[in-house]
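Below is structure_13.cif, holding mmCIF, C-alpha atoms (C1' of nucleotides).
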```cif
data_start
loop_
_atom_site.label_atom_id
_atom_site.label_comp_id
_atom_site.auth_asym_id
_atom_site.auth_seq_id
_atom_site.Cartn_x
_atom_site.Cartn_y
_atom_site.Cartn_z
CA MET A 1 18.80 16.13 23.55
CA ALA A 2 20.25 12.65 23.62
CA ASP A 3 23.57 14.14 24.70
CA GLY A 4 23.10 16.16 27.85
CA SER A 5 26.46 17.91 27.57
CA ARG A 6 25.90 19.88 24.41
CA ARG A 7 26.54 23.55 24.02
CA GLY A 8 24.34 26.18 22.49
CA ARG A 9 20.61 26.48 22.42
CA PRO A 10 18.92 23.22 23.39
CA GLY A 11 16.70 21.59 20.82
CA TYR A 12 16.25 18.48 18.78
CA ASP A 13 19.11 16.52 17.31
CA GLN A 14 19.06 14.90 13.89
CA GLN A 15 18.37 11.45 15.28
CA THR A 16 15.29 12.54 17.18
CA VAL A 17 13.91 14.48 14.24
CA LEU A 18 14.46 11.42 12.05
CA ARG A 19 12.80 9.06 14.51
CA ARG A 20 9.74 11.22 14.93
CA ALA A 21 9.52 11.77 11.19
CA VAL A 22 9.60 8.04 10.49
CA ASP A 23 6.86 7.45 13.05
CA LEU A 24 4.71 10.04 11.34
CA PHE A 25 5.46 8.63 7.90
CA ASN A 26 4.34 5.22 9.10
CA ARG A 27 1.16 6.56 10.66
CA GLN A 28 0.05 8.82 7.81
CA GLY A 29 2.12 7.62 4.89
CA TYR A 30 5.12 9.48 3.45
CA ASP A 31 3.08 11.43 0.91
CA GLY A 32 0.34 11.99 3.46
CA THR A 33 2.73 13.69 5.86
CA SER A 34 3.64 17.34 5.35
CA MET A 35 6.60 19.11 6.82
CA GLY A 36 4.00 21.16 8.66
CA ASP A 37 2.69 17.98 10.28
CA LEU A 38 6.19 17.10 11.37
CA ALA A 39 6.80 20.60 12.73
CA ARG A 40 3.58 20.43 14.75
CA GLU A 41 4.54 16.97 16.03
CA LEU A 42 7.89 18.34 17.20
CA GLY A 43 6.37 21.54 18.53
CA VAL A 44 8.61 23.80 16.46
CA GLY A 45 8.21 25.98 13.43
CA LYS A 46 8.61 24.50 9.99
CA SER A 47 11.82 26.37 9.39
CA ALA A 48 13.50 24.77 12.40
CA ILE A 49 13.36 21.38 10.72
CA TYR A 50 15.45 22.59 7.82
CA HIS A 51 18.20 23.37 10.27
CA HIS A 52 18.54 19.64 10.96
CA VAL A 53 17.85 18.04 7.60
CA PRO A 54 18.14 19.16 3.97
CA GLY A 55 14.53 18.28 3.20
CA LYS A 56 11.71 15.80 3.41
CA GLU A 57 13.23 13.28 1.05
CA ALA A 58 16.48 13.15 3.04
CA LEU A 59 14.51 11.92 6.04
CA LEU A 60 13.13 9.12 3.92
CA ALA A 61 16.53 8.26 2.46
CA ARG A 62 18.19 7.99 5.87
CA ALA A 63 15.46 5.77 7.27
CA LEU A 64 15.56 3.47 4.26
CA ASP A 65 19.34 3.16 4.46
CA GLU A 66 19.09 2.27 8.13
CA ALA A 67 16.62 -0.50 7.41
CA LEU A 68 18.61 -1.82 4.47
CA ASP A 69 21.85 -1.84 6.45
CA GLY A 70 20.16 -3.92 9.15
CA LEU A 71 18.75 -6.42 6.69
CA SER A 72 22.01 -6.69 4.75
CA ALA A 73 23.85 -7.51 7.94
CA VAL A 74 21.68 -10.61 8.34
CA LEU A 75 23.18 -12.04 5.19
CA ASP A 76 26.74 -10.96 5.76
CA ALA A 77 27.16 -12.78 9.06
CA PRO A 78 28.23 -16.39 8.55
CA ALA A 79 25.59 -18.52 10.18
CA GLY A 80 25.92 -22.27 9.69
CA ASP A 81 27.50 -25.11 7.75
CA THR A 82 24.53 -26.20 5.68
CA ALA A 83 22.29 -24.04 3.52
CA TYR A 84 19.42 -25.25 5.69
CA ASP A 85 21.07 -23.88 8.83
CA ARG A 86 21.89 -20.60 7.12
CA LEU A 87 18.32 -20.21 5.90
CA ARG A 88 16.90 -20.92 9.34
CA ALA A 89 19.27 -18.37 10.82
CA ALA A 90 18.34 -15.86 8.12
CA VAL A 91 14.66 -16.21 8.97
CA ARG A 92 15.30 -15.87 12.68
CA ASP A 93 17.66 -12.91 12.28
CA SER A 94 15.34 -11.20 9.80
CA VAL A 95 12.60 -11.32 12.40
CA ARG A 96 14.97 -9.82 14.94
CA VAL A 97 15.95 -6.98 12.62
CA LEU A 98 12.34 -6.32 11.73
CA VAL A 99 11.49 -6.07 15.41
CA GLU A 100 14.53 -4.03 16.43
CA GLN A 101 14.27 -1.60 13.52
CA LEU A 102 10.52 -1.83 13.14
CA PRO A 103 9.80 1.78 12.11
CA ALA A 104 12.53 1.97 9.48
CA VAL A 105 11.78 -1.48 8.07
CA THR A 106 8.07 -0.72 7.99
CA LEU A 107 8.79 2.36 5.92
CA LEU A 108 11.07 0.36 3.63
CA LEU A 109 8.46 -2.30 2.97
CA ARG A 110 5.95 0.33 1.89
CA VAL A 111 8.21 1.99 -0.66
CA ARG A 112 6.96 1.66 -4.21
CA GLY A 113 9.66 3.40 -6.25
CA ASN A 114 8.02 6.78 -6.56
CA SER A 115 11.26 8.77 -6.67
CA GLU A 116 14.97 8.25 -7.24
CA VAL A 117 15.48 7.74 -3.51
CA GLU A 118 12.80 5.06 -3.44
CA LEU A 119 14.12 3.39 -6.58
CA ALA A 120 17.59 3.18 -5.06
CA ALA A 121 16.11 1.57 -1.95
CA LEU A 122 14.17 -0.92 -4.07
CA ARG A 123 17.37 -1.87 -5.89
CA ARG A 124 19.15 -2.56 -2.62
CA ARG A 125 16.16 -4.47 -1.33
CA ARG A 126 16.02 -6.57 -4.45
CA GLU A 127 19.64 -7.59 -3.96
CA ILE A 128 18.78 -8.82 -0.49
CA ASP A 129 15.72 -10.68 -1.73
CA ASP A 130 17.81 -12.32 -4.43
CA ARG A 131 20.36 -13.53 -1.90
CA LEU A 132 17.60 -14.95 0.28
CA ALA A 133 16.15 -16.73 -2.74
CA GLU A 134 19.58 -18.22 -3.47
CA LEU A 135 19.70 -19.51 0.08
CA VAL A 136 16.37 -21.27 -0.44
CA SER A 137 17.59 -22.73 -3.73
CA ALA A 138 20.74 -24.01 -2.09
CA ALA A 139 18.74 -25.66 0.68
CA VAL A 140 16.53 -27.35 -1.89
CA ALA A 141 19.56 -28.53 -3.86
CA GLU A 142 21.01 -29.84 -0.63
CA GLY A 143 17.91 -31.97 -0.15
CA SER A 144 16.90 -30.45 3.15
CA LEU A 145 13.92 -28.51 1.80
CA ARG A 146 10.95 -29.74 -0.17
CA GLY A 147 11.68 -29.70 -3.88
CA ASP A 148 8.16 -29.88 -5.25
CA LEU A 149 7.71 -26.10 -5.25
CA PRO A 150 9.69 -23.49 -7.21
CA PRO A 151 12.40 -22.17 -4.86
CA ASP A 152 11.86 -18.52 -5.72
CA LEU A 153 8.16 -18.92 -5.03
CA VAL A 154 8.96 -20.50 -1.69
CA SER A 155 11.32 -17.64 -0.91
CA ARG A 156 8.73 -15.00 -1.72
CA LEU A 157 6.10 -16.66 0.44
CA LEU A 158 8.46 -17.37 3.31
CA PHE A 159 9.79 -13.84 3.56
CA GLY A 160 6.37 -12.45 2.73
CA MET A 161 5.22 -14.10 5.95
CA VAL A 162 8.21 -12.70 7.84
CA ASN A 163 7.73 -9.20 6.45
CA SER A 164 4.01 -9.22 7.17
CA LEU A 165 4.69 -8.82 10.85
CA VAL A 166 5.34 -5.10 10.38
CA GLU A 167 1.59 -4.86 9.81
CA TRP A 168 0.70 -5.78 13.36
CA TYR A 169 3.71 -6.39 15.61
CA ARG A 170 4.28 -3.73 18.26
CA PRO A 171 7.19 -3.90 20.71
CA GLY A 172 6.02 -4.11 24.29
CA GLY A 173 2.87 -5.87 23.14
CA PRO A 174 1.71 -9.35 24.13
CA VAL A 175 4.16 -11.14 21.85
CA ASP A 176 7.84 -11.28 22.75
CA ALA A 177 10.34 -10.93 19.92
CA GLU A 178 12.08 -14.23 20.56
CA VAL A 179 8.75 -16.05 20.88
CA LEU A 180 7.80 -14.51 17.57
CA ALA A 181 11.02 -15.58 15.86
CA ALA A 182 10.55 -19.12 17.17
CA ALA A 183 6.90 -19.22 16.08
CA ILE A 184 7.65 -18.05 12.57
CA THR A 185 10.49 -20.53 12.21
CA ALA A 186 8.36 -23.38 13.53
CA LEU A 187 5.44 -22.51 11.30
CA ALA A 188 7.58 -22.03 8.21
CA PHE A 189 9.67 -25.16 8.54
CA ASP A 190 7.21 -27.58 10.08
CA GLY A 191 3.85 -26.22 8.89
CA LEU A 192 0.72 -25.72 10.90
CA GLY A 193 -0.48 -29.31 10.90
CA ALA A 194 -0.90 -31.12 14.21
CA ILE A 195 2.48 -32.17 15.56
CA ARG A 196 3.47 -35.60 14.32
CA SER A 197 6.42 -37.71 15.32
CA GLN A 198 9.44 -36.07 13.78
CA MET B 1 -17.77 2.59 -23.64
CA ALA B 2 -18.58 -0.83 -22.27
CA ASP B 3 -22.13 -0.49 -23.60
CA GLY B 4 -21.99 0.10 -27.31
CA SER B 5 -25.60 1.30 -27.54
CA ARG B 6 -25.35 4.45 -25.47
CA ARG B 7 -26.40 7.89 -26.49
CA GLY B 8 -24.46 11.10 -26.21
CA ARG B 9 -20.83 11.90 -26.68
CA PRO B 10 -18.54 8.89 -26.39
CA GLY B 11 -16.02 8.81 -23.57
CA TYR B 12 -15.11 6.96 -20.43
CA ASP B 13 -17.56 5.15 -18.18
CA GLN B 14 -17.35 4.96 -14.40
CA GLN B 15 -15.87 1.47 -14.33
CA THR B 16 -13.00 2.34 -16.62
CA VAL B 17 -12.19 5.51 -14.71
CA LEU B 18 -12.22 3.51 -11.47
CA ARG B 19 -9.99 0.77 -12.88
CA ARG B 20 -7.41 3.21 -14.21
CA ALA B 21 -7.51 5.20 -10.99
CA VAL B 22 -6.85 2.11 -8.88
CA ASP B 23 -3.94 1.16 -11.10
CA LEU B 24 -2.44 4.61 -10.62
CA PHE B 25 -3.06 4.54 -6.88
CA ASN B 26 -1.19 1.24 -6.68
CA ARG B 27 1.71 2.52 -8.77
CA GLN B 28 2.16 5.89 -7.06
CA GLY B 29 0.24 5.54 -3.81
CA TYR B 30 -3.15 7.14 -3.14
CA ASP B 31 -1.70 10.31 -1.63
CA GLY B 32 0.99 10.40 -4.27
CA THR B 33 -1.57 10.46 -7.07
CA SER B 34 -3.27 13.72 -7.98
CA MET B 35 -6.47 14.06 -9.93
CA GLY B 36 -4.30 15.80 -12.49
CA ASP B 37 -2.20 12.65 -12.78
CA LEU B 38 -5.32 10.61 -13.34
CA ALA B 39 -6.60 13.07 -15.92
CA ARG B 40 -3.31 12.88 -17.82
CA GLU B 41 -3.40 9.07 -17.61
CA LEU B 42 -6.88 9.07 -19.12
CA GLY B 43 -5.99 11.72 -21.67
CA VAL B 44 -8.77 14.07 -20.56
CA GLY B 45 -9.07 17.26 -18.56
CA LYS B 46 -9.37 17.07 -14.82
CA SER B 47 -12.93 18.27 -14.76
CA ALA B 48 -14.08 15.41 -16.98
CA ILE B 49 -13.32 13.00 -14.16
CA TYR B 50 -15.75 14.79 -11.88
CA HIS B 51 -18.51 14.01 -14.30
CA HIS B 52 -18.06 10.32 -13.55
CA VAL B 53 -17.20 10.31 -9.85
CA PRO B 54 -17.91 12.67 -6.96
CA GLY B 55 -14.25 12.98 -6.06
CA LYS B 56 -10.95 11.34 -5.36
CA GLU B 57 -12.01 9.70 -2.13
CA ALA B 58 -15.05 8.10 -3.78
CA LEU B 59 -12.69 6.27 -6.14
CA LEU B 60 -10.87 4.90 -3.12
CA ALA B 61 -14.09 3.98 -1.31
CA ARG B 62 -15.48 2.05 -4.27
CA ALA B 63 -12.28 0.10 -4.78
CA LEU B 64 -12.03 -0.79 -1.11
CA ASP B 65 -15.65 -1.95 -1.01
CA GLU B 66 -15.05 -4.12 -4.03
CA ALA B 67 -12.10 -5.80 -2.37
CA LEU B 68 -13.91 -6.22 0.94
CA ASP B 69 -16.96 -7.71 -0.74
CA GLY B 70 -14.75 -10.28 -2.45
CA LEU B 71 -12.97 -11.24 0.74
CA SER B 72 -16.20 -11.38 2.77
CA ALA B 73 -17.69 -13.79 0.26
CA VAL B 74 -14.89 -16.25 1.03
CA LEU B 75 -16.19 -16.59 4.55
CA ASP B 76 -19.88 -16.62 3.73
CA ALA B 77 -19.73 -19.63 1.45
CA PRO B 78 -20.08 -22.90 3.37
CA ALA B 79 -16.94 -24.87 2.71
CA GLY B 80 -16.53 -28.07 4.68
CA ASP B 81 -17.55 -30.17 7.66
CA THR B 82 -14.50 -29.70 9.85
CA ALA B 83 -12.87 -26.43 10.87
CA TYR B 84 -9.71 -27.76 9.23
CA ASP B 85 -11.48 -28.15 5.90
CA ARG B 86 -13.05 -24.72 6.18
CA LEU B 87 -9.67 -23.14 6.98
CA ARG B 88 -7.99 -24.84 4.07
CA ALA B 89 -10.79 -23.66 1.78
CA ALA B 90 -10.52 -20.14 3.22
CA VAL B 91 -6.81 -20.02 2.42
CA ARG B 92 -7.34 -21.34 -1.09
CA ASP B 93 -10.28 -19.03 -1.81
CA SER B 94 -8.50 -16.01 -0.32
CA VAL B 95 -5.67 -16.57 -2.76
CA ARG B 96 -8.19 -16.77 -5.59
CA VAL B 97 -9.85 -13.50 -4.58
CA LEU B 98 -6.49 -11.79 -4.17
CA VAL B 99 -5.56 -12.86 -7.67
CA GLU B 100 -8.91 -12.08 -9.27
CA GLN B 101 -9.30 -8.70 -7.61
CA LEU B 102 -5.61 -7.96 -7.35
CA PRO B 103 -5.68 -4.17 -7.87
CA ALA B 104 -8.50 -3.53 -5.41
CA VAL B 105 -7.13 -5.89 -2.77
CA THR B 106 -3.66 -4.40 -3.15
CA LEU B 107 -5.11 -0.98 -2.45
CA LEU B 108 -7.01 -2.35 0.54
CA LEU B 109 -3.94 -3.90 2.10
CA ARG B 110 -2.10 -0.59 1.93
CA VAL B 111 -4.77 1.42 3.70
CA ARG B 112 -3.63 2.81 7.05
CA GLY B 113 -6.74 4.59 8.34
CA ASN B 114 -5.87 8.08 7.22
CA SER B 115 -9.47 9.20 6.67
CA GLU B 116 -13.01 8.15 7.54
CA VAL B 117 -13.22 6.12 4.34
CA GLU B 118 -10.04 4.28 5.22
CA LEU B 119 -11.12 3.75 8.82
CA ALA B 120 -14.39 2.22 7.67
CA ALA B 121 -12.46 -0.13 5.39
CA LEU B 122 -10.14 -1.09 8.24
CA ARG B 123 -13.16 -1.90 10.41
CA ARG B 124 -14.60 -4.20 7.77
CA ARG B 125 -11.21 -5.77 7.22
CA ARG B 126 -10.78 -6.38 10.91
CA GLU B 127 -14.08 -8.24 11.02
CA ILE B 128 -12.82 -10.52 8.28
CA ASP B 129 -9.51 -11.06 10.04
CA ASP B 130 -11.34 -11.89 13.25
CA ARG B 131 -13.45 -14.51 11.53
CA LEU B 132 -10.36 -16.07 9.98
CA ALA B 133 -8.70 -16.13 13.39
CA GLU B 134 -11.77 -17.90 14.81
CA LEU B 135 -11.44 -20.49 12.08
CA VAL B 136 -7.85 -21.14 13.12
CA SER B 137 -8.89 -21.38 16.76
CA ALA B 138 -11.62 -23.86 15.92
CA ALA B 139 -9.19 -26.00 13.96
CA VAL B 140 -6.79 -26.01 16.89
CA ALA B 141 -9.59 -26.92 19.31
CA GLU B 142 -10.56 -29.69 16.93
CA GLY B 143 -7.07 -31.11 17.20
CA SER B 144 -6.27 -30.87 13.52
CA LEU B 145 -3.84 -27.96 13.87
CA ARG B 146 -0.75 -27.64 16.04
CA GLY B 147 -1.65 -26.26 19.44
CA ASP B 148 1.78 -25.13 20.61
CA LEU B 149 1.42 -21.67 19.07
CA PRO B 150 -1.15 -18.98 19.92
CA PRO B 151 -3.97 -19.32 17.35
CA ASP B 152 -4.27 -15.60 16.68
CA LEU B 153 -0.54 -15.45 16.04
CA VAL B 154 -0.83 -18.35 13.64
CA SER B 155 -3.71 -16.63 11.91
CA ARG B 156 -1.77 -13.39 11.47
CA LEU B 157 1.25 -15.19 10.04
CA LEU B 158 -0.78 -17.47 7.80
CA PHE B 159 -2.80 -14.70 6.21
CA GLY B 160 0.20 -12.41 6.28
CA MET B 161 1.80 -14.92 3.94
CA VAL B 162 -1.32 -15.06 1.78
CA ASN B 163 -1.65 -11.29 1.62
CA SER B 164 2.02 -10.81 0.81
CA LEU B 165 1.43 -12.05 -2.69
CA VAL B 166 0.01 -8.68 -3.73
CA GLU B 167 3.60 -7.44 -3.46
CA TRP B 168 4.82 -9.50 -6.38
CA TYR B 169 2.11 -11.58 -8.06
CA ARG B 170 1.11 -10.38 -11.52
CA PRO B 171 -1.59 -12.12 -13.57
CA GLY B 172 -0.24 -13.48 -16.82
CA GLY B 173 3.16 -13.94 -15.20
CA PRO B 174 5.05 -17.20 -14.77
CA VAL B 175 2.94 -18.41 -11.84
CA ASP B 176 -0.57 -19.67 -12.47
CA ALA B 177 -3.22 -18.74 -9.91
CA GLU B 178 -4.20 -22.33 -9.09
CA VAL B 179 -0.55 -23.36 -8.81
CA LEU B 180 -0.10 -20.47 -6.44
CA ALA B 181 -3.09 -21.41 -4.30
CA ALA B 182 -1.84 -24.99 -4.11
CA ALA B 183 1.69 -23.88 -3.24
CA ILE B 184 0.55 -21.59 -0.46
CA THR B 185 -1.71 -24.26 0.99
CA ALA B 186 1.02 -26.87 0.83
CA LEU B 187 3.60 -24.58 2.40
CA ALA B 188 1.27 -23.39 5.13
CA PHE B 189 -0.10 -26.76 6.17
CA ASP B 190 2.89 -29.01 5.59
CA GLY B 191 5.82 -26.60 5.99
CA LEU B 192 8.85 -26.29 3.81
CA GLY B 193 10.80 -29.22 5.20
CA ALA B 194 11.74 -32.08 2.90
CA ILE B 195 8.73 -34.29 2.25
CA ARG B 196 8.47 -37.05 4.79
CA SER B 197 6.09 -39.97 4.87
CA GLN B 198 2.72 -38.54 5.76
"C1'" DG C 1 -33.10 19.21 -29.63
"C1'" DT C 2 -31.42 16.06 -26.18
"C1'" DC C 3 -28.16 13.73 -24.08
"C1'" DT C 4 -23.45 12.64 -22.25
"C1'" DA C 5 -18.63 13.76 -21.80
"C1'" DT C 6 -15.43 17.15 -22.30
"C1'" DA C 7 -12.31 21.48 -22.00
"C1'" DG C 8 -10.15 24.86 -19.48
"C1'" DA C 9 -10.26 28.93 -16.55
"C1'" DC C 10 -10.58 29.33 -11.95
"C1'" DC C 11 -11.12 28.89 -6.60
"C1'" DG C 12 -9.36 28.54 -1.69
"C1'" DA C 13 -6.26 25.75 0.74
"C1'" DT C 14 -2.00 23.79 1.50
"C1'" DA C 15 2.24 21.72 -0.06
"C1'" DG C 16 7.65 21.90 0.29
"C1'" DA C 17 11.38 24.99 0.62
"C1'" DC C 18 13.96 28.60 2.66
"C1'" DG D 1 6.64 34.04 7.93
"C1'" DT D 2 6.81 34.00 2.95
"C1'" DC D 3 7.48 32.30 -1.44
"C1'" DT D 4 5.71 29.62 -5.61
"C1'" DA D 5 3.61 25.37 -7.17
"C1'" DT D 6 0.19 22.32 -6.86
"C1'" DC D 7 -3.58 20.25 -4.55
"C1'" DG D 8 -8.83 18.74 -4.84
"C1'" DG D 9 -12.68 20.57 -6.60
"C1'" DT D 10 -16.17 23.97 -9.20
"C1'" DC D 11 -17.86 26.54 -12.92
"C1'" DT D 12 -19.64 27.61 -17.54
"C1'" DA D 13 -19.58 26.55 -22.06
"C1'" DT D 14 -19.38 23.29 -25.74
"C1'" DA D 15 -18.34 19.00 -28.62
"C1'" DG D 16 -20.25 15.23 -30.53
"C1'" DA D 17 -23.56 11.03 -31.04
"C1'" DC D 18 -28.39 10.12 -31.43
#
```
Would you give me this structure, written as structure tokens?
Amino acid sequence: MADGSRRGRPGYDQQTVLRRAVDLFNRQGYDGTSMGDLARELGVGKSAIYHHVPGKEALLARALDEALDGLSAVLDAPAGDTAYDRLRAAVRDSVRVLVEQLPAVTLLLRVRGNSEVELAALRRRREIDDRLAELVSAAVAEGSLRGDLPPDLVSRLLFGMVNSLVEWYRPGGPVDAEVLAAAITALAFDGLGAIRSQ
Amino acid sequence: MADGSRRGRPGYDQQTVLRRAVDLFNRQGYDGTSMGDLARELGVGKSAIYHHVPGKEALLARALDEALDGLSAVLDAPAGDTAYDRLRAAVRDSVRVLVEQLPAVTLLLRVRGNSEVELAALRRRREIDDRLAELVSAAVAEGSLRGDLPPDLVSRLLFGMVNSLVEWYRPGGPVDAEVLAAAITALAFDGLGAIRSQ
DNA sequence: GTCTATAGACCGATAGAC
DNA sequence: GTCTATCGGTCTATAGAC
């Protein structure tokens, strides 16, 4: 489908099946979506799906890995000399990943550990959260962030704000991704008080 | 159970069934929890549950109403002369409600509109969100909040941060509820930059 | 006897898998 | 399309406290 020069009977490819599945999972919930729903959405019989993927859980696993790979990349790229600069970049890049991989990340953020696949995703996500928390700690130690609040609490709230955008952000909507990244960074680092001399 | 002076065979009361059900829904997801699961959790047969509640969806509806009533109350209580004061109070009181009614609010924030019950809850929730957004707008118009960001965007991010605490906050844990409310307010209004003269 | 809460067989519908 | 398992929910009968 994506590749026009394929041989054999035309039909869906794995990527398209995955994308449509993730959209459905996000609309109805993973547990609330049956393979029959997905088949109807694709306009094929249920059995056709099993030609592309081993099963329902594999669709979930692939989407979660995609999201986790994107978020991990944010931390692997070197991004500044000071911890403050690296944290700012991490916030900005996290927003970008959330926007670019919105469906997969949305699915990831709703996972509660209900199966081995979900538990594995939660473990990977926890690693990422821990590294972000370390970044906040380092920035506090450096003296560039307020030190009157527990760093891990700050980290949870900061990235809780970032992650919350999957609840409402829609690409092509009124808010541009770069505007969004700038707004979140401004709000997080400077607060929402009236602009003072700084 | 709660009332020691009841007649008839001892057993669960509605409130306890509801509480345990909501806990299970939050652990496994609403769709991922069967009435059989709940029965096993309670140590009774499935049919016993139907003596206390009309059905699975009624458990959801009652929990969502509970959460929505708590959140609505935050906005109905008069809380300050300026919009800024009212917004600050709304943030602080929202945190308190989230903490006090954590299970019900957690369930509410995960609802996606998958049934009429869920859609009704989303409508009520949207009303609340709209009123919070108006509060932010009023504070901006008043000049006490930064005006360089769209007020509805600010509102979404601010309460996205507040709401995100259901993802990790646990009563009895290391973070006290009042400390949490103070931290969120401080972070939101003053930002996470190193403390300057203010 | 009266009341509440329970057990467990059972129903039609639908799930995931193939 | 077909399989088996499980879903939410119903039914009748009964256990147990007054």
Quote the spacing between atom CA of Leu145 of chain A and atom CA of Ala194 of chain B in Å to one decimal place.
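Rounded to one decimal, the two atoms are 4.3 Å apart.
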Starting from the shown file, work through the PyMOL selection byres ((chain A) within 8 of (chain C)) and note down what comes out as a short mmCIF file (atom, residue, chain, number, x, y, z; two decimals) with C-alpha atoms, in the coordinates of the input.
```
data_model
loop_
_atom_site.label_atom_id
_atom_site.label_comp_id
_atom_site.auth_asym_id
_atom_site.auth_seq_id
_atom_site.Cartn_x
_atom_site.Cartn_y
_atom_site.Cartn_z
CA SER A 34 3.64 17.34 5.35
CA MET A 35 6.60 19.11 6.82
CA SER A 47 11.82 26.37 9.39
CA GLY A 55 14.53 18.28 3.20
CA LYS A 56 11.71 15.80 3.41
#
```
Non-local contacts of Leu42 of chain A (12 Å; all atoms listed in the file; under 5 positions in same chain excluded) as a list of chain:residue names
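Contacts, in chain order: A:Gly11, A:Tyr12, A:Asp13, A:Thr16, A:Val17, A:Leu18, A:Arg19, A:Arg20, A:Ala21, A:Asp23, A:Leu24, A:Met35, A:Gly36, A:Asp37, A:Ser47, A:Ala48, A:Ile49.
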Can you work out the spacing between atom CA of Leu98 of chain A and atom CA of Glu134 of chain A in Å, to one decimal?
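Taking atom CA of Leu98 of chain A and atom CA of Glu134 of chain A, their separation equals 20.6 Å.
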For this file, the PyMOL selection byres ((chain B) within 9 of (chain A)) selects which residues, as number ranges by chain?
B: 26-32, 110, 112-114, 140, 143-150, 153-154, 156-165, 167-168, 175, 180, 183-184, 186-195
Show me, as a PyMOL selection string, every residue of chain D with an atom at most 8 Å from chain B, counting only C-alpha atoms (C1' of nucleotides).
chain D and resi 7-9+15-18
Applying 10 Å and all atoms listed in the file, which residues near Ala120 of chain A remain after dropping the ones on its own chain fewer than 6 positions away? List them as an mmCIF file with C-alpha atoms, in the frame of the given file.
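Output saved as out11.cif:
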```cif
data_model
loop_
_atom_site.group_PDB
_atom_site.id
_atom_site.type_symbol
_atom_site.label_atom_id
_atom_site.label_comp_id
_atom_site.auth_asym_id
_atom_site.auth_seq_id
_atom_site.Cartn_x
_atom_site.Cartn_y
_atom_site.Cartn_z
ATOM 1 C CA ALA A 61 16.530 8.260 2.460
ATOM 2 C CA LEU A 64 15.560 3.470 4.260
ATOM 3 C CA ASP A 65 19.340 3.160 4.460
ATOM 4 C CA GLY A 113 9.660 3.400 -6.250
ATOM 5 C CA ARG A 126 16.020 -6.570 -4.450
#
```
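Atom CA of Thr82 of chain A is found 27.9 Å from atom CA of Arg123 of chain A.
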Which residues match the PyMOL selection byres ((chain B and resi 102) around 9) in the file above, as a ChimeraX atom specification?
/B:67,97-101,103-107,166,169-171
Got a sec: who's within 7 Å of Leu87 of chain A, counting only C-alpha atoms (C1' of nucleotides), leaving out chain neighbours fewer than 4 positions off, as an MDAnalysis selection string?
chainID A and resid 83 91 135:136
Please determine an axis-aligned box that encloses all atoms of segment 156-164 of chain B listed in the file, with 6 Å added on each side, and express its centre and edge lengths in Å to one decimal as lines of an AutoDock Vina configuration file.
```
center_x = -0.4
center_y = -14.1
center_z = 6.1
size_x = 16.8
size_y = 18.7
size_z = 22.7
```
